[in-house]
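One file, protein-v9.cif, is given below (mmCIF, C-alpha atoms).
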data_protein
loop_
_atom_site.label_atom_id
_atom_site.label_comp_id
_atom_site.auth_asym_id
_atom_site.auth_seq_id
_atom_site.Cartn_x
_atom_site.Cartn_y
_atom_site.Cartn_z
CA MET D 26 3.51 10.99 12.16
CA ARG D 27 0.23 12.17 10.67
CA LYS D 28 1.90 15.18 9.05
CA THR D 29 4.72 13.07 7.65
CA LEU D 30 2.33 10.57 6.11
CA THR D 31 0.27 13.36 4.61
CA ALA D 32 3.38 14.96 3.12
CA VAL D 33 4.44 11.69 1.55
CA ALA D 34 0.99 11.21 0.05
CA VAL D 35 1.02 14.68 -1.49
CA LEU D 36 4.54 14.09 -2.78
CA GLY D 37 3.30 10.99 -4.52
CA LEU D 38 0.63 12.99 -6.32
CA GLY D 39 3.16 15.57 -7.45
CA PHE D 40 5.60 13.05 -8.79
CA GLY D 41 2.78 11.13 -10.41
CA THR D 42 2.40 14.15 -12.67
CA LEU D 43 6.12 14.11 -13.42
CA ALA D 44 6.14 10.39 -14.11
CA SER D 45 3.32 10.69 -16.64
CA ALA D 46 5.75 12.28 -19.07
CA ALA D 47 7.73 9.02 -19.35
CA PRO D 48 6.92 5.30 -19.17
CA ALA D 49 7.06 3.82 -15.68
CA ASN D 50 10.47 2.16 -15.52
CA ALA D 51 12.43 1.76 -12.30
CA ALA D 52 15.66 1.44 -14.28
CA SER D 53 15.20 4.94 -15.72
CA ASP D 54 14.03 6.57 -12.48
CA ALA D 55 15.84 8.25 -9.62
CA ARG D 56 14.64 8.21 -6.01
CA LEU D 57 14.09 11.59 -4.36
CA SER D 58 13.35 12.53 -0.76
CA VAL D 59 12.74 16.09 0.47
CA LEU D 60 13.66 17.44 3.92
CA HIS D 61 12.33 20.77 5.23
CA ALA D 62 15.04 22.14 7.53
CA VAL D 63 14.24 25.86 7.66
CA PRO D 64 12.89 26.67 11.15
CA GLY D 65 9.71 28.61 11.74
CA VAL D 66 8.20 28.65 8.26
CA THR D 67 5.69 26.37 6.57
CA VAL D 68 6.28 26.13 2.83
CA ASP D 69 5.01 24.68 -0.43
CA VAL D 70 7.34 22.79 -2.75
CA TYR D 71 6.99 22.96 -6.54
CA VAL D 72 8.69 20.59 -8.96
CA ASP D 73 8.74 21.67 -12.60
CA GLY D 74 6.05 24.22 -11.81
CA ALA D 75 3.64 21.71 -10.24
CA LEU D 76 2.66 21.88 -6.56
CA THR D 77 4.26 18.81 -5.03
CA LEU D 78 4.23 19.39 -1.26
CA ASN D 79 1.56 21.54 0.36
CA ASP D 80 1.95 23.09 3.85
CA PHE D 81 5.28 21.33 4.40
CA THR D 82 6.36 21.87 8.01
CA PRO D 83 9.90 22.19 9.43
CA GLY D 84 11.57 18.93 10.39
CA THR D 85 9.44 16.87 8.00
CA LEU D 86 10.98 14.33 5.61
CA ALA D 87 8.93 13.22 2.59
CA GLY D 88 9.66 10.34 0.24
CA PRO D 89 11.47 8.63 -1.28
CA LEU D 90 9.45 8.62 -4.49
CA PRO D 91 10.50 7.59 -8.00
CA VAL D 92 11.21 10.54 -10.29
CA PRO D 93 12.11 10.32 -13.98
CA ALA D 94 15.85 10.76 -14.42
CA GLY D 95 16.89 14.06 -15.95
CA SER D 96 16.85 17.73 -15.12
CA HIS D 97 14.13 19.17 -12.86
CA GLN D 98 13.37 22.61 -11.44
CA LEU D 99 12.64 22.87 -7.72
CA ALA D 100 11.12 25.95 -6.10
CA ILE D 101 10.10 26.56 -2.49
CA THR D 102 7.44 29.17 -1.77
CA ALA D 103 5.51 30.55 1.16
CA ALA D 104 2.62 28.28 2.13
CA ASN D 105 0.01 30.74 0.86
CA ALA D 106 1.54 31.08 -2.62
CA THR D 107 -0.70 30.28 -5.57
CA ASN D 108 2.19 29.38 -7.88
CA ALA D 109 5.98 29.20 -8.01
CA SER D 110 6.53 32.67 -9.49
CA SER D 111 7.90 34.19 -6.25
CA PRO D 112 9.91 31.48 -4.49
CA ILE D 113 11.72 32.06 -1.21
CA ILE D 114 14.29 29.48 -2.33
CA GLY D 115 15.14 28.82 -5.96
CA PRO D 116 14.16 27.95 -8.54
CA VAL D 117 17.11 25.61 -8.59
CA LYS D 118 18.12 22.92 -11.03
CA ALA D 119 18.37 19.29 -9.95
CA ASP D 120 20.01 16.85 -12.33
CA LEU D 121 19.03 13.32 -11.29
CA LYS D 122 20.67 10.22 -12.74
CA ALA D 123 18.85 6.96 -13.32
CA GLY D 124 19.25 4.66 -10.34
CA GLY D 125 20.47 7.46 -8.09
CA ASP D 126 19.11 8.10 -4.61
CA TYR D 127 18.90 11.76 -3.61
CA THR D 128 17.74 14.00 -0.80
CA ALA D 129 16.87 17.64 -1.52
CA VAL D 130 17.15 19.77 1.62
CA ALA D 131 15.71 23.23 2.19
CA ASN D 132 17.84 24.68 4.97
CA LEU D 133 19.79 27.67 6.24
CA ASP D 134 23.33 28.35 5.10
CA ALA D 135 26.05 29.10 7.65
CA GLY D 136 25.00 32.76 7.74
CA GLY D 137 21.30 32.04 8.23
CA LYS D 138 20.08 32.58 4.67
CA PRO D 139 17.54 30.09 3.25
CA THR D 140 19.13 27.89 0.60
CA ALA D 141 18.87 24.42 -0.92
CA ASN D 142 21.20 21.44 -1.03
CA LEU D 143 21.02 18.29 -3.10
CA PHE D 144 22.79 15.27 -1.63
CA ALA D 145 23.48 12.03 -3.49
CA ASN D 146 22.90 9.23 -0.98
CA ASP D 147 25.52 6.48 -0.97
CA THR D 148 23.81 3.20 -1.85
CA SER D 149 26.97 1.13 -2.35
CA MET D 150 27.16 -2.22 -0.55
CA VAL D 151 27.97 -2.36 3.16
CA PRO D 152 29.98 -5.36 4.46
CA ALA D 153 28.16 -8.03 6.45
CA GLY D 154 27.50 -6.93 10.02
CA GLN D 155 28.18 -3.28 9.20
CA ALA D 156 26.12 -0.12 8.83
CA ARG D 157 26.87 3.22 7.22
CA LEU D 158 26.51 6.43 9.23
CA THR D 159 26.40 9.82 7.52
CA VAL D 160 26.19 13.19 9.29
CA ARG D 161 25.21 16.32 7.32
CA HIS D 162 25.73 19.87 8.55
CA VAL D 163 22.84 21.95 7.18
CA ALA D 164 22.49 24.39 10.09
CA ALA D 165 23.09 28.12 10.45
CA ALA D 166 26.11 27.48 12.60
CA PRO D 167 29.88 27.74 12.33
CA ALA D 168 32.10 24.71 11.94
CA VAL D 169 31.35 21.88 14.34
CA ASP D 170 33.20 18.96 15.86
CA VAL D 171 31.67 15.52 16.18
CA LEU D 172 32.26 13.99 19.60
CA ALA D 173 32.49 10.37 20.69
CA GLY D 174 33.23 9.62 24.31
CA GLY D 175 33.63 13.35 24.90
CA LYS D 176 36.48 13.60 22.40
CA ALA D 177 36.45 15.25 18.98
CA VAL D 178 36.71 12.59 16.29
CA VAL D 179 35.88 15.02 13.49
CA LYS D 180 37.03 18.62 13.54
CA GLY D 181 35.78 21.59 11.59
CA LEU D 182 32.80 20.12 9.71
CA THR D 183 31.14 23.03 7.88
CA ASN D 184 27.78 23.70 6.22
CA PRO D 185 26.90 22.04 3.77
CA LYS D 186 29.42 19.21 4.16
CA GLU D 187 28.87 15.65 5.28
CA ALA D 188 30.87 12.92 7.00
CA SER D 189 30.39 9.24 6.28
CA LEU D 190 31.79 5.97 7.63
CA GLU D 191 31.07 2.30 8.14
CA VAL D 192 30.70 0.94 11.68
CA PRO D 193 29.47 -2.30 13.25
CA ALA D 194 25.67 -2.43 13.21
CA GLY D 195 24.19 -1.57 16.60
CA THR D 196 23.96 1.52 18.75
CA VAL D 197 26.34 4.46 18.42
CA SER D 198 26.39 7.44 20.79
CA ALA D 199 27.51 10.75 19.33
CA ALA D 200 27.25 14.48 19.99
CA VAL D 201 27.95 17.70 18.12
CA ALA D 202 29.80 20.69 19.57
CA LEU D 203 30.94 23.99 18.10
CA ALA D 204 34.45 23.56 16.71
CA GLY D 205 37.14 23.71 19.36
CA THR D 206 34.74 23.03 22.24
CA THR D 207 33.52 19.91 23.99
CA LYS D 208 30.11 21.12 25.22
CA PRO D 209 27.45 19.50 23.03
CA VAL D 210 25.01 21.75 21.21
CA LEU D 211 23.25 18.63 19.93
CA GLY D 212 23.14 15.30 21.74
CA PRO D 213 24.62 13.11 22.92
CA ALA D 214 22.20 10.84 21.12
CA ASP D 215 22.07 7.08 20.76
CA LEU D 216 21.62 6.07 17.13
CA SER D 217 20.35 2.60 16.22
CA LEU D 218 22.16 1.54 13.05
CA GLY D 219 20.67 -1.44 11.22
CA GLU D 220 22.85 -3.87 9.31
CA GLY D 221 23.07 -3.01 5.62
CA THR D 222 21.51 0.44 6.05
CA THR D 223 22.67 4.00 5.71
CA THR D 224 21.48 6.20 8.57
CA ILE D 225 21.72 9.90 7.72
CA VAL D 226 21.66 12.44 10.53
CA TYR D 227 21.03 16.10 9.72
CA ALA D 228 22.01 18.92 12.07
CA TRP D 229 19.69 21.80 11.18
CA GLY D 230 18.30 25.03 12.58
CA SER D 231 20.16 28.07 13.90
CA ALA D 232 22.79 28.21 16.63
CA ALA D 233 22.19 31.94 17.17
CA LYS D 234 18.45 31.43 17.70
CA GLY D 235 18.87 28.35 19.85
CA ASP D 236 16.71 26.07 17.72
CA LEU D 237 19.27 23.53 16.52
CA ALA D 238 17.72 20.11 16.00
CA LEU D 239 18.37 16.69 14.50
CA ALA D 240 16.52 14.90 11.70
CA THR D 241 17.21 11.35 10.58
CA GLN D 242 16.75 9.38 7.37
CA THR D 243 17.36 5.68 6.68
CA VAL D 244 18.22 4.14 3.32
CA GLY D 245 18.20 0.32 3.23
CA GLY D 246 19.12 -2.60 1.01
CA MET D 247 22.93 -2.39 1.05
CA GLN D 248 23.77 -5.51 3.08
CA GLN D 249 26.16 -8.24 1.97
CA ASN D 250 26.35 -11.82 3.18
CA PRO D 251 29.53 -13.01 4.95
CA ASN D 252 30.96 -14.28 1.65
CA GLY D 253 30.66 -10.84 0.10
CA VAL D 254 27.81 -11.55 -2.29
CA PRO D 255 25.62 -8.42 -2.49
CA ALA D 256 22.05 -8.63 -1.25
CA GLY D 257 19.31 -6.12 -1.94
CA THR D 258 19.55 -3.26 -4.38
CA THR D 259 22.82 -1.83 -5.66
CA GLY D 260 24.01 1.37 -7.24
CA ALA D 261 26.86 3.81 -6.74
CA ALA D 262 26.14 7.30 -5.48
CA ALA D 263 25.31 9.58 -8.40
CA GLU D 264 27.40 12.57 -9.40
CA PRO D 265 26.51 15.93 -7.78
CA SER D 266 23.91 18.14 -9.42
CA PRO D 267 25.65 21.41 -10.42
CA GLY D 268 22.56 23.52 -9.76
CA LEU D 269 22.38 22.83 -6.01
CA ALA D 270 24.80 22.74 -3.13
CA VAL D 271 26.16 19.22 -2.76
CA GLY D 272 27.69 17.88 0.44
CA ALA D 273 31.39 17.09 0.69
CA VAL D 274 32.49 14.19 2.83
CA ALA D 275 34.68 14.99 5.82
CA GLY D 276 35.46 12.50 8.62
CA LEU D 277 33.49 10.91 11.45
CA ALA D 278 34.40 8.06 13.80
CA ALA D 279 32.30 7.05 16.79
CA VAL D 280 33.47 3.47 17.12
CA ALA D 281 37.07 2.30 17.42
CA GLY D 282 38.25 -0.20 14.85
CA ALA D 283 38.43 -0.26 11.10
CA LEU D 284 36.32 2.62 9.80
CA VAL D 285 35.92 3.33 6.12
CA LEU D 286 36.19 7.07 5.57
CA SER D 287 35.58 8.89 2.31
CA ARG D 288 35.74 12.53 1.24
CA ARG D 289 33.84 14.39 -1.41
CA ALA D 290 34.17 17.98 -2.56
CA ALA D 291 31.12 20.19 -2.11
CA ARG D 292 29.71 22.70 -4.52
CA SER D 293 27.05 25.07 -3.23
CA ARG D 294 24.60 27.57 -4.61
CA ALA D 295 22.43 29.76 -2.42
#
Taking this structure as input, can you express it in the form of structure tokens?
Amino acid sequence: MRKTLTAVAVLGLGFGTLASAAPANAASDARLSVLHAVPGVTVDVYVDGALTLNDFTPGTLAGPLPVPAGSHQLAITAANATNASSPIIGPVKADLKAGGDYTAVANLDAGGKPTANLFANDTSMVPAGQARLTVRHVAAAPAVDVLAGGKAVVKGLTNPKEASLEVPAGTVSAAVALAGTTKPVLGPADLSLGEGTTTIVYAWGSAAKGDLALATQTVGGMQQNPNGVPAGTTGAAAEPSPGLAVGAVAGLAAVAGALVLSRRAARSRA
């Protein structure tokens, strides 16, 4: 917890520099979180050439912080770098739209090469009593199946795609197995899904090296009352940034009943 809080504080300083270029205005800002999902290496994160995250450790999520909408350059360097001139990932372009909610992920591609993905988080309203669950495959691993009750409910989810659905708020148990198998490589895990929230689960690490792990992120404020009047903040998911890999939505179902399933095409750039 201490490391996470420190990372968030440093991120705030970095984005304070970015924000100084434009008047503070929530309506013209995007929200950006950063997840470090490359095992075994501590890194620094630069945004537009400014050191934003220092000594960022694997498995750490920082943010969200307001960032002026527009185009930004992200670079990830070794922790001892003095500037962003020799990044280990990037520099990559991130186009952020006003009102959008994003997560930038430093991770391994399916073949084990460090890369970056930018995901637009879905902040559309969730019906009363429901929660949204999103699973993102950002691991150096082949296609995976998502299991519920020991059965594959999603088949062939590949890096860097995502699966999203709406389920009754509460606890959902799910596991991940290599495609075509039923032996979990991650989980089973019980996920507590709050009403009106989006819970995002990241599968990251390397199957070959045996260090696969899960990271979670929660985005709130999407609940509706029983009469369908939105409560909290609104906003549709922003369009993908062409300069980074963007997740495509596949399918996931851990609870029987009416599940809302969407699909998005992914575009990636190592």
Quiz item: Suppose you want the space between atom CA of Ala199 of chain D and atom CA of Ala145 of chain D; what is it in Å?
Solution: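 For atom CA of Ala199 of chain D relative to atom CA of Ala145 of chain D, the distance reads 23.2 Å.
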Practice problem: Any chance you could resolve the PyMOL selection byres ((chain D and resi 133) around 7) against this file and give the residues as an MDAnalysis selection string? | Solution: chainID D and resid 63 132 134:135 137:140 163:165
Exercise. Just give me the gap between atom CA of Trp229 of chain D and atom CA of Val171 of chain D in Å, one decimal is fine.
Key: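 Going from atom CA of Trp229 of chain D over to atom CA of Val171 of chain D covers 14.4 Å.
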Quiz item: atom CA of Thr183 of chain D and atom CA of Ser111 of chain D, how far apart in Å?
Solution: 29.4 Å
Quiz prompt | Expansion of the PyMOL selection byres ((chain D and resi 208) around 12) into residues, as a PyMOL selection string | solution = chain D and resi 169-177+200-207+209-213
Quiz prompt | Nearby residues (only C-alpha atoms) at most 7 Å from segment 220-228 of chain D, same-chain spacing under 6 positions excluded, as a PyMOL selection string | solution = chain D and resi 151+154-164+194+237-248
Quiz item: Residues at most 8 Å from Asp236 of chain D, counting all atoms listed in the file, excluding those fewer than 5 positions away in the same chain, as a list in words?
Solution: Pro64, Gly230 and Ser231 of chain D
Exercise. Could you tell me which residues the PyMOL selection byres ((chain D and resi 106) around 12) grabs in this file, written as a list in words?
Key: Thr67, Val68, Asp69, Val70, Tyr71, Leu76, Asn79, Asp80, Ala100, Ile101, Thr102, Ala103, Ala104, Asn105, Thr107, Asn108, Ala109, Ser110, Ser111, Pro112 and Ile113 of chain D
Quiz prompt | For Asp126 of chain D, the nearest of the candidates D:Arg56, D:Leu218, D:Thr196, D:Ser189, counting all atoms listed in the file | solution =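 Among D:Arg56, D:Leu218, D:Thr196, D:Ser189, it is D:Arg56 that comes nearest to Asp126 of chain D.
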All file atoms of segment 52-55 of chain D boxed axis-aligned, 3 Å per side, centre plus edges, as AutoDock Vina command-line options:
--center_x 14.9 --center_y 4.8 --center_z -12.7 --size_x 7.8 --size_y 12.8 --size_z 12.1
